[in-house]
file model_23.cif (mmCIF, C-alpha atoms)
data_query
#
loop_
_atom_site.label_atom_id
_atom_site.label_comp_id
_atom_site.auth_asym_id
_atom_site.auth_seq_id
_atom_site.Cartn_x
_atom_site.Cartn_y
_atom_site.Cartn_z
CA MET A 8 4.95 -31.74 -33.08
CA ASN A 9 1.32 -32.16 -31.98
CA ASP A 10 2.50 -33.99 -28.85
CA GLN A 11 4.86 -31.11 -28.00
CA ALA A 12 2.10 -28.55 -28.51
CA GLN A 13 -0.22 -30.52 -26.25
CA GLN A 14 2.46 -30.74 -23.54
CA LEU A 15 3.04 -26.98 -23.77
CA ARG A 16 -0.71 -26.30 -23.38
CA GLN A 17 -0.80 -28.55 -20.31
CA ILE A 18 2.16 -26.72 -18.73
CA VAL A 19 0.57 -23.31 -19.37
CA SER A 20 -2.78 -24.53 -18.06
CA SER A 21 -1.28 -25.96 -14.86
CA THR A 22 0.68 -22.73 -14.27
CA LYS A 23 -2.45 -20.62 -14.60
CA GLN A 24 -4.29 -22.90 -12.16
CA VAL A 25 -1.52 -22.47 -9.56
CA GLU A 26 -1.50 -18.72 -10.02
CA SER A 27 -5.28 -18.45 -9.71
CA LYS A 28 -5.23 -19.81 -6.16
CA GLN A 29 -5.49 -17.34 -3.32
CA SER A 30 -2.20 -17.29 -1.48
CA ASN A 31 -1.91 -17.35 2.31
CA MET A 32 1.69 -16.20 2.09
CA LYS A 33 2.14 -12.80 3.70
CA ILE A 34 4.57 -10.45 1.94
CA ILE A 35 6.27 -7.84 4.12
CA THR A 36 8.75 -5.40 2.62
CA ILE A 37 11.25 -3.68 4.93
CA ALA A 38 12.56 -0.33 3.72
CA SER A 39 14.21 2.86 5.00
CA GLY A 40 14.69 6.41 3.81
CA LYS A 41 18.45 6.26 4.38
CA GLY A 42 21.19 3.75 5.07
CA GLY A 43 22.68 2.88 8.44
CA VAL A 44 19.39 2.63 10.35
CA GLY A 45 19.60 -1.14 10.98
CA LYS A 46 17.11 -2.28 8.35
CA SER A 47 18.81 -5.56 7.46
CA ASN A 48 19.45 -6.34 11.13
CA PHE A 49 15.76 -5.78 11.75
CA THR A 50 14.83 -8.17 8.94
CA VAL A 51 17.13 -10.96 10.09
CA ASN A 52 16.25 -10.72 13.79
CA LEU A 53 12.54 -10.46 13.02
CA SER A 54 12.89 -13.71 11.05
CA LEU A 55 14.51 -15.42 14.03
CA CYS A 56 11.70 -14.24 16.30
CA LEU A 57 9.03 -15.39 13.84
CA LYS A 58 10.73 -18.79 13.82
CA GLU A 59 10.27 -18.87 17.61
CA HIS A 60 6.55 -18.44 16.98
CA LYS A 61 6.57 -21.56 14.74
CA LYS A 62 6.45 -19.51 11.53
CA ASN A 63 8.59 -20.34 8.52
CA PRO A 64 9.85 -17.05 7.07
CA ILE A 65 12.05 -16.68 4.00
CA ILE A 66 14.08 -13.51 3.42
CA LEU A 67 14.53 -12.09 -0.05
CA ASP A 68 17.60 -9.86 0.08
CA ALA A 69 16.60 -7.23 -2.46
CA ASP A 70 19.39 -4.88 -1.39
CA PHE A 71 21.15 -5.88 -4.59
CA GLY A 72 24.91 -5.74 -4.69
CA LEU A 73 25.42 -5.16 -0.94
CA ALA A 74 24.27 -8.57 0.35
CA ASN A 75 23.81 -7.45 3.96
CA VAL A 76 21.60 -10.37 4.97
CA GLU A 77 24.18 -13.03 4.13
CA ILE A 78 26.88 -11.02 5.94
CA ILE A 79 24.77 -10.77 9.11
CA LEU A 80 24.05 -14.51 8.91
CA GLY A 81 27.68 -15.33 8.14
CA GLU A 82 26.81 -17.28 4.99
CA ARG A 83 28.14 -17.47 1.42
CA PRO A 84 25.30 -18.63 -0.84
CA LYS A 85 26.14 -20.57 -3.99
CA TYR A 86 23.43 -18.84 -6.05
CA ASN A 87 21.75 -15.44 -6.13
CA LEU A 88 18.77 -13.96 -7.93
CA ALA A 89 20.86 -13.20 -11.02
CA HIS A 90 21.40 -16.94 -11.49
CA LEU A 91 17.64 -17.52 -11.50
CA ILE A 92 17.18 -14.72 -14.04
CA ARG A 93 19.79 -16.35 -16.30
CA GLU A 94 18.15 -19.77 -15.72
CA GLU A 95 21.35 -21.13 -14.16
CA CYS A 96 19.54 -22.55 -11.14
CA LYS A 97 16.08 -23.52 -9.93
CA LEU A 98 14.22 -21.81 -7.10
CA ASN A 99 14.88 -24.59 -4.57
CA GLU A 100 18.62 -24.29 -5.34
CA LEU A 101 18.46 -20.52 -4.95
CA ILE A 102 17.21 -20.67 -1.35
CA THR A 103 20.02 -20.88 1.21
CA LYS A 104 19.36 -22.22 4.71
CA SER A 105 21.55 -20.53 7.30
CA LYS A 106 23.07 -22.12 10.39
CA TYR A 107 20.25 -20.44 12.36
CA ASP A 108 17.61 -22.34 10.35
CA ILE A 109 16.61 -19.14 8.57
CA SER A 110 16.25 -19.42 4.80
CA PHE A 111 17.07 -16.56 2.46
CA ILE A 112 17.47 -15.66 -1.19
CA SER A 113 20.54 -13.62 -2.05
CA GLY A 114 20.01 -10.71 -4.40
CA GLY A 115 23.64 -10.72 -5.43
CA SER A 116 24.35 -8.35 -8.29
CA GLY A 117 21.05 -8.91 -10.05
CA ILE A 118 19.63 -5.41 -9.75
CA ASN A 119 20.52 -4.13 -13.22
CA GLU A 120 19.10 -7.23 -14.85
CA MET A 121 16.03 -7.32 -12.60
CA MET A 122 14.91 -3.81 -13.48
CA PHE A 123 15.09 -4.25 -17.25
CA LEU A 124 13.90 -7.75 -17.98
CA PRO A 125 11.86 -8.57 -21.09
CA ALA A 126 8.28 -9.71 -20.59
CA SER A 127 9.15 -13.35 -21.36
CA GLN A 128 11.68 -13.49 -18.49
CA ILE A 129 9.30 -11.73 -16.09
CA GLU A 130 6.74 -14.41 -16.95
CA ALA A 131 9.25 -17.21 -16.36
CA ILE A 132 10.48 -15.80 -13.04
CA GLY A 133 6.92 -15.16 -11.84
CA SER A 134 5.95 -18.74 -12.64
CA SER A 135 9.01 -19.99 -10.77
CA LEU A 136 8.25 -17.84 -7.71
CA VAL A 137 4.85 -19.51 -7.38
CA GLN A 138 6.72 -22.29 -5.57
CA LEU A 139 7.44 -19.94 -2.65
CA GLU A 140 3.84 -20.34 -1.52
CA ASN A 141 4.59 -23.98 -0.66
CA MET A 142 7.82 -23.06 1.15
CA THR A 143 6.89 -20.20 3.45
CA ASP A 144 4.03 -18.44 5.20
CA ILE A 145 5.86 -15.10 5.42
CA LEU A 146 8.15 -13.61 2.78
CA LEU A 147 10.31 -10.78 4.14
CA ILE A 148 11.81 -8.53 1.46
CA ASP A 149 14.81 -6.51 2.61
CA THR A 150 15.19 -3.63 0.14
CA GLY A 151 18.04 -1.22 -0.41
CA ALA A 152 18.07 2.09 1.46
CA GLY A 153 16.57 5.26 0.02
CA ILE A 154 14.20 5.81 -2.87
CA ASN A 155 14.83 4.11 -6.19
CA ASP A 156 13.02 2.02 -8.75
CA SER A 157 13.67 -1.36 -7.10
CA VAL A 158 12.64 -0.13 -3.63
CA ILE A 159 9.39 1.25 -5.01
CA LYS A 160 8.59 -1.94 -6.92
CA PHE A 161 9.21 -4.26 -3.98
CA CYS A 162 7.13 -2.00 -1.72
CA MET A 163 4.30 -2.07 -4.27
CA LEU A 164 4.44 -5.89 -4.23
CA ALA A 165 3.98 -6.17 -0.45
CA HIS A 166 0.86 -6.57 1.66
CA GLU A 167 2.55 -4.38 4.27
CA VAL A 168 5.61 -2.12 4.25
CA TYR A 169 7.68 -1.60 7.40
CA ILE A 170 9.83 1.50 7.36
CA VAL A 171 12.74 1.54 9.81
CA VAL A 172 13.55 4.97 11.24
CA THR A 173 15.99 6.18 13.89
CA PRO A 174 15.65 9.34 16.05
CA GLU A 175 18.19 11.16 13.84
CA PRO A 176 16.56 14.13 12.05
CA THR A 177 17.90 12.98 8.66
CA SER A 178 16.38 9.53 9.15
CA ILE A 179 12.99 11.01 10.07
CA THR A 180 13.08 13.38 7.08
CA ASP A 181 14.15 10.67 4.64
CA GLY A 182 11.62 8.24 6.11
CA TYR A 183 8.85 10.74 5.45
CA ALA A 184 10.16 11.29 1.89
CA LEU A 185 9.83 7.55 1.24
CA ILE A 186 6.32 7.43 2.72
CA LYS A 187 5.31 10.43 0.61
CA THR A 188 6.70 8.84 -2.55
CA LEU A 189 4.85 5.58 -1.94
CA LYS A 190 1.53 7.06 -0.87
CA SER A 191 1.33 10.32 -2.78
CA ASP A 192 3.34 9.78 -5.95
CA PHE A 193 2.55 6.10 -6.49
CA THR A 194 -0.77 5.89 -4.55
CA MET A 195 0.30 2.62 -2.92
CA GLN A 196 -2.59 0.84 -1.20
CA SER A 197 -0.54 -1.40 1.10
CA LYS A 198 -0.33 -0.49 4.77
CA ILE A 199 2.76 1.37 5.97
CA LYS A 200 4.01 0.61 9.45
CA VAL A 201 6.90 2.26 11.25
CA VAL A 202 9.61 0.77 13.45
CA ILE A 203 11.78 3.09 15.53
CA ASN A 204 15.30 1.72 15.94
CA LYS A 205 18.14 2.77 18.28
CA ALA A 206 15.86 4.82 20.53
CA ASP A 207 17.14 5.85 23.95
CA SER A 208 13.73 5.28 25.52
CA LYS A 209 10.12 4.36 24.83
CA GLU A 210 9.22 8.03 25.16
CA GLU A 211 11.75 9.06 22.50
CA ALA A 212 10.44 6.39 20.13
CA HIS A 213 6.86 7.60 20.59
CA GLU A 214 7.95 11.19 19.98
CA VAL A 215 9.64 10.24 16.71
CA PHE A 216 6.56 8.35 15.54
CA LYS A 217 4.30 11.28 16.47
CA LYS A 218 6.34 13.58 14.23
CA LEU A 219 6.08 11.20 11.31
CA TYR A 220 2.38 10.58 11.90
CA TYR A 221 1.63 14.31 12.04
CA VAL A 222 3.33 15.25 8.77
CA THR A 223 1.98 12.18 6.98
CA LYS A 224 -1.58 12.86 8.11
CA ASN A 225 -1.53 16.60 7.51
CA PHE A 226 0.49 16.91 4.30
CA ILE A 227 -0.43 13.80 2.30
CA ASN A 228 -3.67 12.85 4.07
CA SER A 229 -2.50 9.34 4.84
CA GLU A 230 -2.04 7.36 8.04
CA ILE A 231 0.81 5.20 9.24
CA GLU A 232 0.86 2.65 12.05
CA TYR A 233 3.31 2.13 14.91
CA VAL A 234 4.83 -1.35 15.16
CA GLY A 235 7.17 -0.79 18.07
CA TYR A 236 10.71 0.29 18.91
CA ILE A 237 14.12 -1.25 19.48
CA PRO A 238 16.27 0.41 22.15
CA TYR A 239 19.88 1.32 21.58
CA ASP A 240 21.90 -1.68 22.76
CA GLU A 241 25.70 -1.91 22.75
CA LYS A 242 25.45 -5.68 22.52
CA VAL A 243 24.17 -5.26 18.96
CA LEU A 244 27.58 -3.87 17.95
CA SER A 245 29.30 -6.91 19.45
CA ALA A 246 26.90 -9.24 17.66
CA VAL A 247 27.44 -7.49 14.31
CA LYS A 248 31.21 -7.75 14.67
CA SER A 249 30.83 -11.46 15.37
CA GLN A 250 28.49 -11.86 12.36
CA VAL A 251 25.81 -13.24 14.65
CA PRO A 252 22.26 -11.81 14.80
CA ILE A 253 21.59 -10.24 18.19
CA PHE A 254 18.65 -12.59 18.85
CA ALA A 255 21.00 -15.57 18.46
CA TYR A 256 23.86 -13.78 20.26
CA ASP A 257 21.87 -12.94 23.40
CA LYS A 258 18.14 -13.56 23.62
CA LYS A 259 17.93 -11.67 26.91
CA SER A 260 19.48 -8.46 25.59
CA LYS A 261 17.36 -5.30 25.43
CA ALA A 262 17.28 -5.39 21.63
CA SER A 263 16.34 -9.09 21.48
CA THR A 264 13.49 -8.60 23.94
CA ALA A 265 12.20 -5.72 21.80
CA TYR A 266 12.46 -7.75 18.58
CA PHE A 267 10.48 -10.57 20.15
CA GLN A 268 7.75 -8.19 21.32
CA ILE A 269 7.52 -6.62 17.85
CA SER A 270 7.17 -10.07 16.29
CA LYS A 271 4.28 -10.81 18.67
CA ASN A 272 2.62 -7.51 17.78
CA ILE A 273 2.99 -8.25 14.08
CA LEU A 274 1.47 -11.72 14.31
CA GLU A 275 -1.41 -10.62 16.56
CA ASN A 276 -2.34 -7.80 14.20
CA ASN A 277 -1.73 -9.69 10.98
CA VAL A 278 -4.10 -12.58 11.62
CA GLN A 279 -7.19 -10.42 11.27
CA ASP A 280 -5.73 -8.00 8.71
CA PHE A 281 -4.61 -10.73 6.32
CA LYS A 282 -7.93 -12.57 6.39
CA ALA A 283 -9.92 -9.40 5.95
CA GLU A 284 -7.95 -7.88 3.09
CA GLU A 285 -8.82 -8.38 -0.55
CA LYS A 286 -6.41 -11.06 -1.74
CA VAL A 287 -4.98 -10.03 -5.08
CA ASN A 288 -2.76 -12.73 -6.57
CA TRP A 289 0.80 -11.64 -5.82
CA ILE A 290 2.33 -13.36 -8.85
CA HIS A 291 0.01 -11.36 -11.08
CA ARG A 292 1.11 -8.21 -9.25
CA PHE A 293 4.75 -9.21 -9.58
CA LYS A 294 4.50 -9.57 -13.34
CA LYS A 295 2.57 -6.33 -13.70
CA ILE A 296 4.89 -4.26 -11.46
CA PHE A 297 8.18 -5.53 -12.87
CA SER A 298 7.00 -5.32 -16.48
CA ASN A 299 6.55 -1.54 -16.13
#
call {"tool": "encode", "arguments": {"input": "model_23.cif", "output": "structure tokens"}}
result
Amino acid sequence: MNDQAQQLRQIVSSTKQVESKQSNMKIITIASGKGGVGKSNFTVNLSLCLKEHKKNPIILDADFGLANVEIILGERPKYNLAHLIREECKLNELITKSKYDISFISGGSGINEMMFLPASQIEAIGSSLVQLENMTDILLIDTGAGINDSVIKFCMLAHEVYIVVTPEPTSITDGYALIKTLKSDFTMQSKIKVVINKADSKEEAHEVFKKLYYVTKNFINSEIEYVGYIPYDEKVLSAVKSQVPIFAYDKKSKASTAYFQISKNILENNVQDFKAEEKVNWIHRFKKIFSN
């Protein structure tokens, strides 16, 4: 019995030591005010572009139940997050590597369980997720569309939140509603950056961002940043039908060129931002956020 107690103390001690380290893993959450704006496509193609820059991103598909990431990648993962919650697999088994050398974690149907876990399971999952720091330098979290408990929690976990918006009035309005909820209602400290998707021109994209920037600055006294835009490209539709990400389908397409430029902008800006920011242990944040 004494030997078992000693072993348990050693496990707890080693876990605390791992969690106390400052992580260099960047967490980016991708969200949108409404569905159909290309959020999951953005996440997958951004991952492919980051891979081109010698980064090693992992996608967490937190759009539970819809599994858009695995559909875009044309994969059928053996395990999803619900299996980890039920202790039916380990983290390294949970991560699926796609044919495009992009790794992802399927959310599966775990949302109901994820939102109402007891503290003991939150602790266990958090301790398991520590291993991600040795597997990736950038964790991309693809949330569900709209405003709900899981979207808010995964946005609160991130260092930066990218909100994907299209020029449609409903997308702009819903995008602002999400920004307002995060910044005003939940006083989120993480940076919010905006990506304009399916724009007819650079000028239209800038006009959409100006509208969002104006209402955000004037009505909730907060600022957002412009990441870039992705032009409307008919080749994206062909790629989606083929279950191939546009960046793998045609690297020279208008959309692919835009994705690559956005990835460059992100990496150039993030180097200084990430080093300068106060590094709060993300596992500690995970446990605190998901225990509420």
call {"tool": "resolve_selection", "arguments": {"input": "model_23.cif", "expression": "the PyMOL selection byres ((chain A and resi 97) around 12)", "output": "mmCIF file with C-alpha atoms, in the coordinates of the input"}}
result
data_model
loop_
_atom_site.group_PDB
_atom_site.id
_atom_site.type_symbol
_atom_site.label_atom_id
_atom_site.label_comp_id
_atom_site.auth_asym_id
_atom_site.auth_seq_id
_atom_site.Cartn_x
_atom_site.Cartn_y
_atom_site.Cartn_z
ATOM 1 C CA TYR A 86 23.430 -18.840 -6.050
ATOM 2 C CA ASN A 87 21.750 -15.440 -6.130
ATOM 3 C CA LEU A 88 18.770 -13.960 -7.930
ATOM 4 C CA ALA A 89 20.860 -13.200 -11.020
ATOM 5 C CA HIS A 90 21.400 -16.940 -11.490
ATOM 6 C CA LEU A 91 17.640 -17.520 -11.500
ATOM 7 C CA ILE A 92 17.180 -14.720 -14.040
ATOM 8 C CA ARG A 93 19.790 -16.350 -16.300
ATOM 9 C CA GLU A 94 18.150 -19.770 -15.720
ATOM 10 C CA GLU A 95 21.350 -21.130 -14.160
ATOM 11 C CA CYS A 96 19.540 -22.550 -11.140
ATOM 12 C CA LEU A 98 14.220 -21.810 -7.100
ATOM 13 C CA ASN A 99 14.880 -24.590 -4.570
ATOM 14 C CA GLU A 100 18.620 -24.290 -5.340
ATOM 15 C CA LEU A 101 18.460 -20.520 -4.950
ATOM 16 C CA ILE A 102 17.210 -20.670 -1.350
ATOM 17 C CA ILE A 112 17.470 -15.660 -1.190
ATOM 18 C CA ALA A 131 9.250 -17.210 -16.360
ATOM 19 C CA ILE A 132 10.480 -15.800 -13.040
ATOM 20 C CA SER A 134 5.950 -18.740 -12.640
ATOM 21 C CA SER A 135 9.010 -19.990 -10.770
ATOM 22 C CA LEU A 136 8.250 -17.840 -7.710
ATOM 23 C CA GLN A 138 6.720 -22.290 -5.570
ATOM 24 C CA LEU A 139 7.440 -19.940 -2.650
#
call {"tool": "closest_residue", "arguments": {"input": "model_23.cif", "among": "A:Leu147, A:Ile269, A:Val137, A:Ile203", "to": "Ile37 of chain A", "atoms": "all atoms listed in the file"}}
result
A:Leu147
call {"tool": "atom_distance", "arguments": {"input": "model_23.cif", "atom1": "atom CA of Val76 of chain A", "atom2": "atom CA of Val251 of chain A"}}
result
10.9 Å
call {"tool": "resolve_selection", "arguments": {"input": "model_23.cif", "expression": "the PyMOL selection byres ((chain A and resi 39) around 7)", "output": "ChimeraX atom specification"}}
result
/A:38,40-41,46,152-153,170-172,182
call {"tool": "write_last_selection", "arguments": {"input": "model_23.cif", "atoms": "C-alpha atoms", "output": "CSV table (one decimal), in the coordinates of the input"}}
result
chain,number,residue,atom,x,y,z
A,38,ALA,CA,12.6,-0.3,3.7
A,40,GLY,CA,14.7,6.4,3.8
A,41,LYS,CA,18.4,6.3,4.4
A,46,LYS,CA,17.1,-2.3,8.4
A,152,ALA,CA,18.1,2.1,1.5
A,153,GLY,CA,16.6,5.3,0.0
A,170,ILE,CA,9.8,1.5,7.4
A,171,VAL,CA,12.7,1.5,9.8
A,172,VAL,CA,13.6,5.0,11.2
A,182,GLY,CA,11.6,8.2,6.1
call {"tool": "closest_residue", "arguments": {"input": "model_23.cif", "among": "A:Asn288, A:Ser47, A:Asn276, A:Ser191", "to": "Asn31 of chain A", "atoms": "only C-alpha atoms"}}
result
A:Asn288
call {"tool": "closest_residue", "arguments": {"input": "model_23.cif", "among": "A:Ser263, A:Ser298, A:Ser178, A:Gln268", "to": "Asn48 of chain A", "atoms": "all atoms listed in the file"}}
result
A:Ser263
call {"tool": "residues_around", "arguments": {"input": "model_23.cif", "residues": "Thr36 of chain A", "least_positions_apart": "3", "cutoff": "7 Å", "atoms": "only C-alpha atoms", "output": "list in words"}}
result
Leu147, Ile148, Asp149, Phe161, Cys162, Ala165, Glu167, Val168 and Tyr169 of chain A
call {"tool": "closest_residue", "arguments": {"input": "model_23.cif", "among": "A:Leu67, A:Ile186, A:Phe49, A:Leu80", "to": "Tyr236 of chain A", "atoms": "all atoms listed in the file"}}
result
A:Phe49
